[in-house]
file start.cif (mmCIF, C-alpha atoms)
data_model
loop_
_atom_site.label_atom_id
_atom_site.label_comp_id
_atom_site.auth_asym_id
_atom_site.auth_seq_id
_atom_site.Cartn_x
_atom_site.Cartn_y
_atom_site.Cartn_z
CA MET A 19 3.76 -31.77 -23.04
CA ILE A 20 1.32 -31.83 -20.14
CA GLN A 21 0.13 -28.35 -21.15
CA ILE A 22 -0.77 -29.63 -24.62
CA PHE A 23 -2.60 -32.56 -23.04
CA TYR A 24 -4.64 -30.21 -20.84
CA GLN A 25 -5.33 -27.87 -23.75
CA LEU A 26 -6.67 -30.80 -25.77
CA ILE A 27 -8.98 -31.68 -22.87
CA CYS A 28 -10.15 -28.05 -22.82
CA VAL A 29 -10.92 -28.14 -26.53
CA VAL A 30 -12.97 -31.33 -26.06
CA ILE A 31 -14.88 -29.84 -23.09
CA VAL A 32 -15.63 -26.63 -25.02
CA TYR A 33 -16.72 -28.59 -28.10
CA LEU A 34 -19.03 -30.88 -26.11
CA SER A 35 -20.46 -27.97 -24.10
CA VAL A 36 -21.27 -25.90 -27.19
CA ARG A 37 -22.71 -28.93 -29.01
CA ASN A 38 -24.88 -29.96 -26.07
CA LEU A 39 -25.95 -26.39 -25.42
CA LEU A 40 -27.20 -26.04 -28.99
CA ARG A 41 -28.86 -29.46 -29.00
CA SER A 42 -30.66 -29.06 -25.71
CA ARG A 43 -34.18 -27.61 -25.53
CA ASN A 44 -34.15 -27.26 -21.75
CA LEU A 45 -33.24 -23.74 -20.55
CA LEU A 46 -31.74 -25.02 -17.28
CA GLN A 47 -29.47 -27.42 -19.18
CA GLN A 48 -28.48 -24.71 -21.62
CA ALA A 49 -27.63 -22.30 -18.78
CA THR A 50 -25.56 -25.04 -17.12
CA TYR A 51 -23.52 -25.63 -20.28
CA GLY A 52 -23.12 -21.85 -20.58
CA LEU A 53 -21.71 -21.69 -17.05
CA VAL A 54 -19.30 -24.50 -17.88
CA LEU A 55 -18.07 -22.47 -20.86
CA ILE A 56 -17.42 -19.19 -19.02
CA PRO A 57 -14.07 -20.13 -17.36
CA PHE A 58 -12.72 -21.45 -20.66
CA LEU A 59 -13.85 -18.33 -22.53
CA LEU A 60 -12.32 -16.13 -19.80
CA ARG A 61 -9.00 -17.90 -20.03
CA ALA A 62 -8.99 -17.60 -23.82
CA LEU A 63 -9.74 -13.87 -23.53
CA LEU A 64 -7.20 -13.16 -20.77
CA VAL A 65 -4.07 -15.07 -21.76
CA ARG A 66 -1.45 -12.68 -23.12
CA MET B 17 -34.29 -34.32 -27.09
CA GLN B 18 -35.62 -33.52 -30.51
CA THR B 19 -33.48 -31.60 -32.94
CA GLU B 20 -35.14 -32.54 -36.20
CA LYS B 21 -38.68 -32.32 -37.29
CA ALA B 22 -40.56 -33.36 -40.30
CA SER B 23 -41.19 -30.67 -42.86
CA HIS B 24 -44.52 -30.13 -44.48
CA THR B 25 -43.14 -31.58 -47.67
CA PRO B 26 -43.47 -35.38 -47.60
CA GLY B 27 -40.17 -37.24 -47.91
CA THR B 28 -37.83 -34.39 -46.72
CA VAL B 29 -36.40 -33.62 -43.26
CA THR B 30 -35.04 -30.16 -42.25
CA ARG B 31 -33.00 -29.19 -39.17
CA SER B 32 -34.60 -26.50 -37.02
CA VAL B 33 -32.47 -23.57 -35.87
CA PRO B 34 -31.82 -23.82 -32.07
CA VAL B 35 -32.80 -20.19 -31.41
CA GLN B 36 -32.94 -20.54 -27.63
CA GLY B 37 -29.57 -22.33 -27.53
CA LEU B 38 -27.94 -19.64 -29.65
CA LEU B 39 -29.42 -16.98 -27.38
CA VAL B 40 -27.99 -18.66 -24.27
CA LEU B 41 -24.62 -19.04 -26.02
CA THR B 42 -24.64 -15.34 -26.94
CA ILE B 43 -25.47 -14.36 -23.35
CA THR B 44 -22.60 -16.59 -22.15
CA VAL B 45 -20.11 -14.92 -24.50
CA VAL B 46 -21.32 -11.42 -23.52
CA LEU B 47 -20.99 -12.28 -19.80
CA ALA B 48 -17.47 -13.60 -20.39
CA LEU B 49 -16.54 -10.44 -22.31
CA PHE B 50 -17.73 -8.20 -19.45
CA ALA B 51 -15.93 -10.35 -16.87
CA ALA B 52 -12.74 -10.33 -18.95
CA ARG B 53 -12.90 -6.54 -19.25
CA ASP B 54 -13.27 -6.33 -15.47
CA ILE B 55 -10.32 -8.64 -14.84
CA ARG B 56 -8.26 -6.84 -17.51
CA SER B 57 -8.51 -3.64 -15.43
CA SER B 58 -6.32 -5.41 -12.84
CA TYR B 59 -3.57 -5.64 -15.49
CA GLU B 60 -3.20 -1.86 -15.34
CA ARG B 61 -0.34 -0.94 -13.03
CA GLU B 62 -0.94 1.73 -10.42
CA PRO B 63 1.25 4.78 -11.02
CA ILE B 64 4.32 5.18 -8.82
CA TYR B 65 6.06 8.57 -8.74
CA PRO B 66 9.75 8.00 -7.91
CA GLY B 67 11.39 10.60 -5.69
CA VAL B 68 14.75 12.31 -6.16
CA GLY B 69 16.51 9.37 -4.49
CA VAL B 70 15.79 6.98 -7.37
CA THR B 71 18.89 6.88 -9.56
CA GLN B 72 17.82 4.17 -12.00
CA GLN B 73 14.72 2.23 -12.96
CA LYS B 74 15.12 -1.29 -14.27
CA MET B 75 12.92 -4.28 -14.98
CA LEU B 76 13.23 -7.68 -13.35
CA SER B 77 13.76 -9.14 -16.83
CA ASP B 78 17.10 -7.25 -16.94
CA TYR B 79 18.33 -10.04 -14.66
CA PHE B 80 16.67 -12.91 -16.52
CA SER B 81 15.65 -12.24 -20.11
CA GLY B 82 13.16 -15.13 -20.04
CA LEU B 83 10.76 -12.88 -18.10
CA GLU B 84 10.72 -10.14 -20.74
CA GLY B 85 7.19 -9.48 -21.96
CA SER B 86 5.76 -12.04 -19.53
CA PRO B 87 3.15 -11.31 -16.83
CA GLY B 88 5.93 -11.80 -14.27
CA ASP B 89 8.07 -8.85 -15.36
CA THR B 90 7.99 -5.94 -12.93
CA PRO B 91 9.83 -2.64 -12.24
CA VAL B 92 12.92 -2.58 -10.02
CA TYR B 93 13.86 0.80 -8.53
CA VAL B 94 17.49 1.54 -7.71
CA LEU B 95 18.55 4.12 -5.11
CA GLU B 96 22.32 4.54 -5.17
CA GLY B 97 24.33 6.68 -2.78
CA SER B 98 27.39 8.74 -3.62
CA GLU B 99 29.44 6.84 -1.04
CA PRO B 100 30.23 3.11 -1.08
CA GLY B 101 28.41 0.82 1.33
CA GLY B 102 26.19 -2.23 1.52
CA THR B 103 23.52 -3.36 -0.92
CA TYR B 104 19.96 -4.04 0.21
CA LEU B 105 17.07 -5.62 -1.65
CA ILE B 106 13.50 -4.86 -0.51
CA LEU B 107 10.77 -7.23 -1.68
CA GLY B 108 7.18 -5.97 -1.50
CA GLY B 109 4.22 -7.81 -2.93
CA VAL B 110 5.68 -11.32 -2.89
CA HIS B 111 2.12 -12.06 -1.78
CA ALA B 112 -0.22 -9.57 -3.47
CA THR B 113 -2.82 -9.68 -0.67
CA GLU B 114 -0.27 -8.34 1.81
CA VAL B 115 -0.43 -4.72 0.71
CA ALA B 116 1.48 -3.07 3.58
CA GLY B 117 4.73 -4.47 2.12
CA THR B 118 3.95 -3.00 -1.29
CA LEU B 119 2.97 0.37 0.19
CA ALA B 120 6.11 0.50 2.37
CA SER B 121 8.14 -0.20 -0.79
CA VAL B 122 6.33 2.62 -2.61
CA VAL B 123 7.12 5.05 0.26
CA LEU B 124 10.80 4.08 -0.04
CA VAL B 125 10.77 4.68 -3.82
CA GLU B 126 9.02 8.04 -3.46
CA GLN B 127 10.68 9.43 -0.30
CA ALA B 128 14.02 7.78 0.49
CA THR B 129 17.49 8.95 -0.48
CA VAL B 130 20.54 6.76 -0.08
CA GLU B 131 23.72 8.48 1.11
CA ALA B 132 25.97 5.41 1.17
CA GLY B 133 25.40 2.01 -0.41
CA ARG B 134 22.64 0.87 -2.75
CA LEU B 135 18.99 -0.02 -2.29
CA PHE B 136 16.99 -2.11 -4.77
CA VAL B 137 13.21 -2.01 -4.31
CA ILE B 138 10.63 -4.26 -6.01
CA PRO B 139 7.13 -3.12 -4.92
CA HIS B 140 5.25 -5.83 -6.88
CA SER B 141 7.51 -8.87 -6.70
CA ASN B 142 4.84 -11.23 -8.02
CA GLU B 143 3.28 -9.00 -10.68
CA SER B 144 1.02 -11.80 -11.93
CA ALA B 145 -0.59 -12.20 -8.49
CA PHE B 146 -1.74 -8.55 -8.64
CA THR B 147 -3.92 -9.32 -11.69
CA VAL B 148 -6.32 -11.63 -9.87
CA GLN B 149 -8.20 -11.82 -6.57
CA PRO B 150 -8.99 -14.94 -4.52
CA ALA B 151 -12.47 -15.93 -5.68
CA GLU B 152 -13.70 -17.31 -2.37
CA ASP B 153 -13.26 -14.07 -0.42
CA ALA B 154 -14.81 -11.48 -2.78
CA TYR B 155 -11.69 -9.34 -2.54
CA LEU B 156 -11.84 -5.88 -4.09
CA PRO B 157 -9.42 -5.41 -7.00
CA ARG B 158 -8.43 -1.87 -6.02
CA PHE B 159 -8.35 0.36 -2.96
CA GLU B 160 -7.57 4.02 -2.34
CA ILE B 161 -5.31 5.84 0.11
CA GLU B 162 -6.35 9.36 1.01
CA THR B 163 -3.66 12.03 0.76
CA PRO B 164 -3.67 15.77 1.57
CA TRP B 165 -4.22 16.53 -2.15
CA GLY B 166 -6.57 13.73 -3.21
CA SER B 167 -6.29 9.97 -3.34
CA ARG B 168 -3.98 7.35 -4.84
CA TRP B 169 -5.19 3.93 -5.97
CA PHE B 170 -3.43 0.61 -5.54
CA ARG B 171 -4.17 -2.97 -6.54
CA LEU B 172 -5.10 -5.77 -4.16
CA GLY B 173 -4.26 -9.16 -5.59
CA ASP B 174 -4.07 -12.81 -4.66
CA ARG B 175 -1.50 -14.63 -2.52
CA ILE B 176 -0.32 -16.66 -5.49
CA THR B 177 0.36 -16.36 -9.23
CA SER B 178 -2.74 -15.99 -11.40
CA PRO B 179 -4.07 -19.31 -12.72
CA VAL B 180 -4.47 -17.53 -16.06
CA HIS B 181 -0.67 -17.34 -16.24
CA GLN B 182 0.27 -20.64 -14.59
CA TRP B 183 -1.99 -23.62 -14.85
CA PRO B 184 -2.65 -26.44 -13.99
CA ASP B 185 -1.24 -26.98 -10.49
CA PRO B 186 0.57 -30.28 -9.92
CA GLU B 187 -0.69 -32.77 -7.34
CA ALA B 188 2.38 -31.93 -5.27
CA TYR B 189 4.98 -29.22 -5.83
CA ALA B 190 8.56 -30.41 -5.82
CA HIS B 191 10.81 -27.56 -4.68
CA TYR B 192 13.95 -27.04 -6.72
CA PRO B 193 16.71 -27.96 -5.95
CA SER B 194 15.82 -29.74 -2.66
CA GLY B 195 13.03 -31.90 -4.10
CA GLN B 196 10.90 -31.22 -0.99
CA LEU B 197 7.25 -32.01 -1.72
CA ILE B 198 4.51 -29.60 -0.64
CA SER B 199 0.90 -28.95 -1.62
CA GLY B 200 0.41 -28.53 -5.38
CA SER B 201 -1.05 -25.02 -5.21
CA GLU B 202 2.18 -23.83 -3.58
CA ALA B 203 3.72 -24.11 -7.06
CA ARG B 204 2.24 -20.63 -7.59
CA ASN B 205 3.48 -19.26 -4.23
CA LEU B 206 6.57 -17.13 -4.88
CA ASN B 207 7.68 -17.53 -1.26
CA ARG B 208 7.93 -21.30 -1.67
CA THR B 209 9.84 -21.31 -4.95
CA PHE B 210 13.14 -19.55 -4.17
CA PRO B 211 15.81 -19.83 -5.55
CA GLY B 212 13.77 -20.69 -8.64
CA ARG B 213 14.97 -21.99 -11.98
CA PRO B 214 15.08 -20.59 -15.51
CA ASP B 215 13.26 -23.51 -17.15
CA GLY B 216 10.50 -23.83 -14.51
CA THR B 217 7.02 -22.36 -14.21
CA LEU B 218 6.37 -18.60 -14.30
CA THR B 219 6.66 -18.46 -10.47
CA ASP B 220 9.95 -20.41 -10.61
CA GLN B 221 11.22 -17.93 -13.20
CA ILE B 222 10.26 -14.87 -11.11
CA ALA B 223 12.08 -16.41 -8.12
CA TYR B 224 15.07 -17.15 -10.36
CA ALA B 225 15.16 -13.55 -11.65
CA ILE B 226 15.09 -12.13 -8.10
CA THR B 227 17.87 -14.56 -7.09
CA GLN B 228 19.90 -13.49 -10.12
CA LEU B 229 19.46 -9.85 -9.06
CA ALA B 230 20.79 -10.73 -5.59
CA ILE B 231 23.81 -12.52 -7.10
CA THR B 232 24.57 -9.96 -9.83
CA GLU B 233 24.28 -6.95 -7.54
CA ASP B 234 26.09 -8.64 -4.63
CA VAL B 235 23.19 -8.03 -2.24
CA ASP B 236 24.11 -8.09 1.47
CA VAL B 237 20.63 -8.00 3.01
CA VAL B 238 17.26 -9.11 1.61
CA ILE B 239 14.16 -7.82 3.42
CA ASP B 240 10.87 -9.43 2.43
CA MET B 241 7.77 -7.49 3.62
CA HIS B 242 4.67 -9.57 4.33
CA GLU B 243 1.37 -9.49 6.23
CA ALA B 244 -0.49 -12.22 8.09
CA SER B 245 -3.76 -12.74 9.90
CA ALA B 246 -3.78 -11.84 13.61
CA GLY B 247 -4.85 -15.44 14.22
CA TYR B 248 -1.67 -16.82 12.66
CA PRO B 249 1.26 -17.57 15.00
CA VAL B 250 3.85 -15.88 12.77
CA VAL B 251 2.74 -12.24 13.05
CA ASN B 252 4.33 -9.02 14.39
CA VAL B 253 7.62 -10.77 13.95
CA ILE B 254 10.92 -10.75 12.05
CA VAL B 255 11.62 -14.19 10.60
CA THR B 256 15.34 -14.41 10.05
CA SER B 257 17.91 -16.67 8.52
CA PRO B 258 20.18 -18.18 11.22
CA ASN B 259 23.12 -16.03 10.09
CA ALA B 260 21.11 -12.84 10.80
CA LEU B 261 19.74 -13.75 14.24
CA ASN B 262 21.93 -11.14 15.95
CA ILE B 263 20.81 -8.45 13.51
CA ALA B 264 17.13 -9.34 13.96
CA ALA B 265 17.41 -9.46 17.76
CA GLN B 266 19.14 -6.09 17.83
CA ALA B 267 16.57 -4.59 15.43
CA SER B 268 13.75 -5.91 17.64
CA LEU B 269 15.37 -4.31 20.69
CA TYR B 270 15.95 -0.97 18.90
CA SER B 271 12.33 -0.94 17.65
CA SER B 272 11.05 -1.35 21.18
CA LEU B 273 13.52 1.07 22.82
CA PHE B 274 13.46 3.90 20.31
CA HIS B 275 9.95 3.66 18.83
CA GLY B 276 7.84 1.70 21.32
CA MET B 277 7.17 -0.84 18.55
CA GLN B 278 7.08 -4.42 19.80
CA ILE B 279 8.25 -6.98 17.25
CA GLY B 280 9.40 -10.53 17.94
CA VAL B 281 12.08 -12.65 16.33
CA ASP B 282 11.63 -16.09 14.82
CA ARG B 283 14.32 -18.29 13.29
CA SER B 284 13.85 -19.64 9.79
CA PRO B 285 13.28 -23.41 10.06
CA ASP B 286 16.04 -25.40 8.36
CA GLY B 287 13.68 -28.09 7.09
CA LEU B 288 11.25 -25.85 5.18
CA ARG B 289 12.59 -24.88 1.79
CA GLY B 290 11.65 -22.24 -0.75
CA PHE B 291 11.22 -19.26 1.61
CA SER B 292 13.21 -16.09 0.92
CA HIS B 293 14.67 -16.18 4.46
CA ARG B 294 15.69 -19.82 3.98
CA GLU B 295 17.17 -19.67 0.48
CA PHE B 296 19.01 -16.33 0.06
CA PRO B 297 21.63 -17.19 2.73
CA GLU B 298 22.48 -20.24 0.59
CA LEU B 299 24.04 -17.78 -1.90
CA GLY B 300 26.87 -17.05 0.55
CA ASP B 301 27.05 -14.16 2.99
CA THR B 302 23.56 -12.80 2.27
CA PHE B 303 21.35 -12.04 5.27
CA ALA B 304 17.63 -12.56 4.70
CA LEU B 305 14.84 -11.31 6.94
CA LEU B 306 11.07 -11.35 6.53
CA MET B 307 8.66 -9.12 8.43
CA GLU B 308 4.98 -9.80 9.13
CA THR B 309 2.35 -7.23 10.12
CA PRO B 310 -1.26 -8.09 11.03
CA ASN B 311 -3.74 -7.55 8.19
CA PRO B 312 -7.35 -8.00 9.43
CA LEU B 313 -8.54 -8.64 5.87
CA MET B 314 -6.59 -11.90 5.96
CA ASP B 315 -8.27 -13.21 9.10
CA TRP B 316 -10.92 -15.92 8.93
CA THR B 317 -13.24 -14.70 11.68
CA ARG B 318 -14.09 -11.15 10.76
CA GLY B 319 -16.75 -8.88 9.25
CA PRO B 320 -17.42 -8.20 5.55
CA THR B 321 -14.58 -7.81 3.04
CA THR B 322 -14.51 -4.05 2.53
CA GLU B 323 -12.07 -1.34 1.58
CA ALA B 324 -12.48 0.10 5.10
CA LEU B 325 -11.39 -3.20 6.67
CA LEU B 326 -8.27 -3.24 4.49
CA VAL B 327 -7.33 0.42 5.04
CA GLU B 328 -8.67 1.22 8.53
CA GLY B 329 -8.06 -2.28 9.87
CA LYS B 330 -10.84 -2.25 12.50
CA ASP B 331 -13.05 -5.22 13.22
CA PRO B 332 -15.31 -5.97 16.24
CA PHE B 333 -15.04 -9.76 15.81
CA LEU B 334 -11.27 -9.61 16.06
CA VAL B 335 -11.53 -7.37 19.13
CA GLU B 336 -13.70 -10.06 20.76
CA LEU B 337 -11.31 -12.83 19.72
CA GLY B 338 -8.44 -10.80 21.15
CA LYS B 339 -10.27 -10.52 24.50
CA ARG B 340 -10.63 -14.30 24.52
CA GLY B 341 -6.92 -14.81 23.87
CA ARG B 342 -7.45 -16.37 20.45
CA LEU B 343 -5.10 -14.08 18.53
CA TYR B 344 -1.31 -13.86 18.27
CA ALA B 345 -1.28 -10.05 17.94
CA PRO B 346 -2.89 -7.66 20.43
CA PHE B 347 -6.08 -6.34 18.81
CA GLY B 348 -7.90 -3.32 20.29
CA PRO B 349 -10.77 -1.18 18.97
CA ASP B 350 -8.28 0.85 16.90
CA GLY B 351 -7.27 -2.31 15.03
CA TYR B 352 -4.34 -2.18 12.61
CA PRO B 353 -4.75 0.74 10.19
CA ILE B 354 -2.60 0.73 7.07
CA ASP B 355 -0.58 3.66 8.54
CA VAL B 356 0.50 1.46 11.47
CA ARG B 357 1.29 -1.54 9.26
CA VAL B 358 3.41 0.48 6.81
CA ALA B 359 5.13 2.26 9.73
CA ARG B 360 6.00 -1.13 11.23
CA HIS B 361 7.66 -2.28 7.99
CA LEU B 362 9.59 0.96 7.49
CA THR B 363 10.73 1.13 11.10
CA GLY B 364 11.70 -2.53 11.06
CA PHE B 365 13.76 -1.92 7.92
CA VAL B 366 15.57 1.11 9.37
CA MET B 367 16.29 -0.75 12.62
CA ILE B 368 17.63 -3.76 10.68
CA ALA B 369 19.84 -1.41 8.65
CA ASP B 370 21.13 0.19 11.88
CA ALA B 371 21.83 -3.18 13.47
CA HIS B 372 23.56 -4.45 10.31
CA ALA B 373 25.65 -1.26 10.08
CA GLY B 374 26.80 -1.74 13.68
CA GLN B 375 27.97 -5.28 12.97
CA HIS B 376 29.27 -4.71 9.42
CA PRO B 377 30.27 -1.03 9.22
CA ASP B 378 32.04 -1.47 5.87
CA ARG B 379 28.74 -2.70 4.32
CA ALA B 380 26.45 -0.12 5.94
CA LEU B 381 23.48 1.40 4.17
CA GLN B 382 22.97 5.07 5.02
CA ILE B 383 19.53 6.25 4.08
CA THR B 384 17.45 9.35 4.79
CA GLY B 385 13.91 10.56 4.09
CA ILE B 386 12.06 7.59 5.61
CA PRO B 387 9.28 8.73 7.96
CA THR B 388 9.70 7.59 11.55
CA TYR B 389 7.11 5.40 13.27
CA LYS B 390 5.64 8.41 15.09
CA ASP B 391 5.67 10.64 11.98
CA MET B 392 3.74 8.04 9.99
CA LEU B 393 1.13 7.65 12.73
CA ASP B 394 0.81 11.41 13.21
CA ASN B 395 0.65 12.40 9.54
CA GLY B 396 -0.78 9.29 7.89
CA LEU B 397 0.51 7.23 4.96
CA GLY B 398 -1.04 9.62 2.42
CA SER B 399 1.37 12.38 3.47
CA TYR B 400 4.26 10.26 2.19
CA LEU B 401 2.81 9.46 -1.23
CA ASN B 402 3.87 11.82 -4.01
CA ARG B 403 1.41 13.88 -5.96
CA PRO B 404 1.19 13.13 -9.71
CA GLN B 405 3.23 15.63 -11.70
CA ALA B 406 1.32 17.79 -14.16
CA GLU B 407 1.33 16.23 -17.61
#

call {"tool": "encode", "arguments": {"input": "start.cif", "output": "structure tokens"}}
result
Amino acid sequence: MIQIFYQLICVVIVYLSVRNLLRSRNLLQQATYGLVLIPFLLRALLVR
Amino acid sequence: MQTEKASHTPGTVTRSVPVQGLLVLTITVVLALFAARDIRSSYEREPIYPGVGVTQQKMLSDYFSGLEGSPGDTPVYVLEGSEPGGTYLILGGVHATEVAGTLASVVLVEQATVEAGRLFVIPHSNESAFTVQPAEDAYLPRFEIETPWGSRWFRLGDRITSPVHQWPDPEAYAHYPSGQLISGSEARNLNRTFPGRPDGTLTDQIAYAITQLAITEDVDVVIDMHEASAGYPVVNVIVTSPNALNIAAQASLYSSLFHGMQIGVDRSPDGLRGFSHREFPELGDTFALLMETPNPLMDWTRGPTTEALLVEGKDPFLVELGKRGRLYAPFGPDGYPIDVRVARHLTGFVMIADAHAGQHPDRALQITGIPTYKDMLDNGLGSYLNRPQAE
């Protein structure tokens, strides 16, 4: 149950990061959102 | 922040394409793909070439099917003698940073032959921990051991289960079945989760599978091979369950008398639960002992994290600390090369087996082919690693 709760939080963080990254015009902000995304992308790519 | 702009046609509004944002997003995904490929390489198991003494190869999931296909499943090598005797279980790689235990286990698998009794060897007890490195220390994922014919590679992992496989950590970890509360990250520490449980986390399940092996195979002695920093009080020592104090003391004496290898004895504390040396005796008559060798890579005050530090074990900062009496293991300019650390584990094991055989002759383990302390130091670890057979 707690895993599902945390996965939902992850989905929200990824959604907000991607949305804000695409909306932002500031390169520093975009890079920051990109950095936020990397651990989530890594986990999605590595889980087997 | 402006995402819309007026078009040239009066009365209509069009959304501009965020080219820069898409570019940054693409770079992010590419970086993640490269990083994932890098981490994936740690999922590849180093080859082990079993010697003639290995009579059977199993998987840990044979003892608990819940592990099958999981990142916690790992090979178990069985060396069975033609004569009856005692049953031993060797655990290497309970902590994947402590490589001397894994390498000593590999030497047993590749060189040892059991005459009487049975020996079970698990070189990578926490397989998941070998797929990740502690981020804060810039650990190298692999290292090489030179041999007379070339080199063999091995993985260096993290102390605890990969967060990719077990996440998130609780605020506090409640040990099963005692309910003892310890730091949350210890939920991924295999040597805090024994005896484990089938419906717990991945680490709990690995511990449960190893416990099931000990029960199913009627294991007499469990030997857990670890490493520690020279600045940690529990180093160059055999930590033993109270029921094996005599065996450990005798093994310590034999090591000193016959091999000039000084190793102390420490009793497992009753109040700390989850350790192999604390929990296996709860099964009944099982003796459980844990050995620690100094691994300079695990110290806090030392030079850069390099393959040489891990394998050659020399460090000028530790020499200086040793001179000032700040270490718990003597540390000279020669340091603690991997040959010495593996020799300490193997010699400790043989001396424990001798001491146990003296006290319980009907449950003795008779084993040959293990290099002596002097042989290992003279010839080097690489001389006791098998060459890959031609395909």

call {"tool": "interface_residues", "arguments": {"input": "start.cif", "of": "chain A", "to": "chain B", "cutoff": "10 Å", "atoms": "all atoms listed in the file", "output": "PDB file with C-alpha atoms, in the frame of the given file"}}
result
ATOM      1  CA  ILE A  20       1.320 -31.830 -20.140  1.00  0.00           C
ATOM      2  CA  GLN A  21       0.130 -28.350 -21.150  1.00  0.00           C
ATOM      3  CA  TYR A  24      -4.640 -30.210 -20.840  1.00  0.00           C
ATOM      4  CA  VAL A  36     -21.270 -25.900 -27.190  1.00  0.00           C
ATOM      5  CA  ARG A  37     -22.710 -28.930 -29.010  1.00  0.00           C
ATOM      6  CA  ASN A  38     -24.880 -29.960 -26.070  1.00  0.00           C
ATOM      7  CA  LEU A  39     -25.950 -26.390 -25.420  1.00  0.00           C
ATOM      8  CA  LEU A  40     -27.200 -26.040 -28.990  1.00  0.00           C
ATOM      9  CA  ARG A  41     -28.860 -29.460 -29.000  1.00  0.00           C
ATOM     10  CA  SER A  42     -30.660 -29.060 -25.710  1.00  0.00           C
ATOM     11  CA  ARG A  43     -34.180 -27.610 -25.530  1.00  0.00           C
ATOM     12  CA  ASN A  44     -34.150 -27.260 -21.750  1.00  0.00           C
ATOM     13  CA  LEU A  45     -33.240 -23.740 -20.550  1.00  0.00           C
ATOM     14  CA  GLN A  47     -29.470 -27.420 -19.180  1.00  0.00           C
ATOM     15  CA  GLN A  48     -28.480 -24.710 -21.620  1.00  0.00           C
ATOM     16  CA  ALA A  49     -27.630 -22.300 -18.780  1.00  0.00           C
ATOM     17  CA  THR A  50     -25.560 -25.040 -17.120  1.00  0.00           C
ATOM     18  CA  TYR A  51     -23.520 -25.630 -20.280  1.00  0.00           C
ATOM     19  CA  GLY A  52     -23.120 -21.850 -20.580  1.00  0.00           C
ATOM     20  CA  LEU A  53     -21.710 -21.690 -17.050  1.00  0.00           C
ATOM     21  CA  VAL A  54     -19.300 -24.500 -17.880  1.00  0.00           C
ATOM     22  CA  LEU A  55     -18.070 -22.470 -20.860  1.00  0.00           C
ATOM     23  CA  ILE A  56     -17.420 -19.190 -19.020  1.00  0.00           C
ATOM     24  CA  PRO A  57     -14.070 -20.130 -17.360  1.00  0.00           C
ATOM     25  CA  PHE A  58     -12.720 -21.450 -20.660  1.00  0.00           C
ATOM     26  CA  LEU A  59     -13.850 -18.330 -22.530  1.00  0.00           C
ATOM     27  CA  LEU A  60     -12.320 -16.130 -19.800  1.00  0.00           C
ATOM     28  CA  ARG A  61      -9.000 -17.900 -20.030  1.00  0.00           C
ATOM     29  CA  ALA A  62      -8.990 -17.600 -23.820  1.00  0.00           C
ATOM     30  CA  LEU A  63      -9.740 -13.870 -23.530  1.00  0.00           C
ATOM     31  CA  LEU A  64      -7.200 -13.160 -20.770  1.00  0.00           C
ATOM     32  CA  VAL A  65      -4.070 -15.070 -21.760  1.00  0.00           C
ATOM     33  CA  ARG A  66      -1.450 -12.680 -23.120  1.00  0.00           C
TER      34      ARG A  66
END

call {"tool": "resolve_selection", "arguments": {"input": "start.cif", "expression": "the PyMOL selection byres ((chain B and resi 175) around 6)", "output": "list in words"}}
result
His111, Ala112, Thr113, Asp174 and Ile176 of chain B

call {"tool": "atom_distance", "arguments": {"input": "start.cif", "atom1": "CA of Leu76 in chain B", "atom2": "CA of Ala230 in chain B"}}
result
11.3 Å

call {"tool": "residues_around", "arguments": {"input": "start.cif", "residues": "Asp286 in chain B", "least_positions_apart": "3", "cutoff": "10 Å", "atoms": "all atoms listed in the file", "output": "list in words"}}
result
Ser257, Pro258, Arg283, Arg289, Arg294 and Glu295 of chain B

call {"tool": "atom_distance", "arguments": {"input": "start.cif", "atom1": "CA of Thr219 in chain B", "atom2": "CA of Ala120 in chain B"}}
result
22.9 Å

call {"tool": "resolve_selection", "arguments": {"input": "start.cif", "expression": "the PyMOL selection byres ((chain B and resi 345-358) around 8)", "output": "MDAnalysis selection string"}}
result
chainID B and resid 116:117 119:120 246:247 251:252 309:312 326:332 334:335 338 343:344 359:362 389 392:393 396:397

call {"tool": "atom_distance", "arguments": {"input": "start.cif", "atom1": "CA of Leu313 in chain B", "atom2": "CA of Phe159 in chain B"}}
result
12.6 Å

call {"tool": "resolve_selection", "arguments": {"input": "start.cif", "expression": "the PyMOL selection byres ((chain B and resi 162) around 10)", "output": "PyMOL selection string"}}
result
chain B and resi 160-161+163-169+327+396-399+401

call {"tool": "residues_around", "arguments": {"input": "start.cif", "residues": "Leu172 in chain B", "least_positions_apart": "4", "cutoff": "10 Å", "atoms": "only C-alpha atoms", "output": "VMD selection string"}}
result
chain B and resid 58 109 111 to 115 118 145 to 150 155 to 159 326

call {"tool": "residues_around", "arguments": {"input": "start.cif", "residues": "range 260-272 of chain B", "least_positions_apart": "5", "cutoff": "12 Å", "atoms": "only C-alpha atoms", "output": "NGL selection string"}}
result
:B and (236-239 or 252-255 or 277-284 or 293-294 or 296-297 or 301-307 or 359-376 or 388-390)

call {"tool": "closest_residue", "arguments": {"input": "start.cif", "among": "B:Gly200, B:Gly341, B:Gly67, B:Pro249", "to": "Gln127 in chain B", "atoms": "only C-alpha atoms"}}
result
B:Gly67
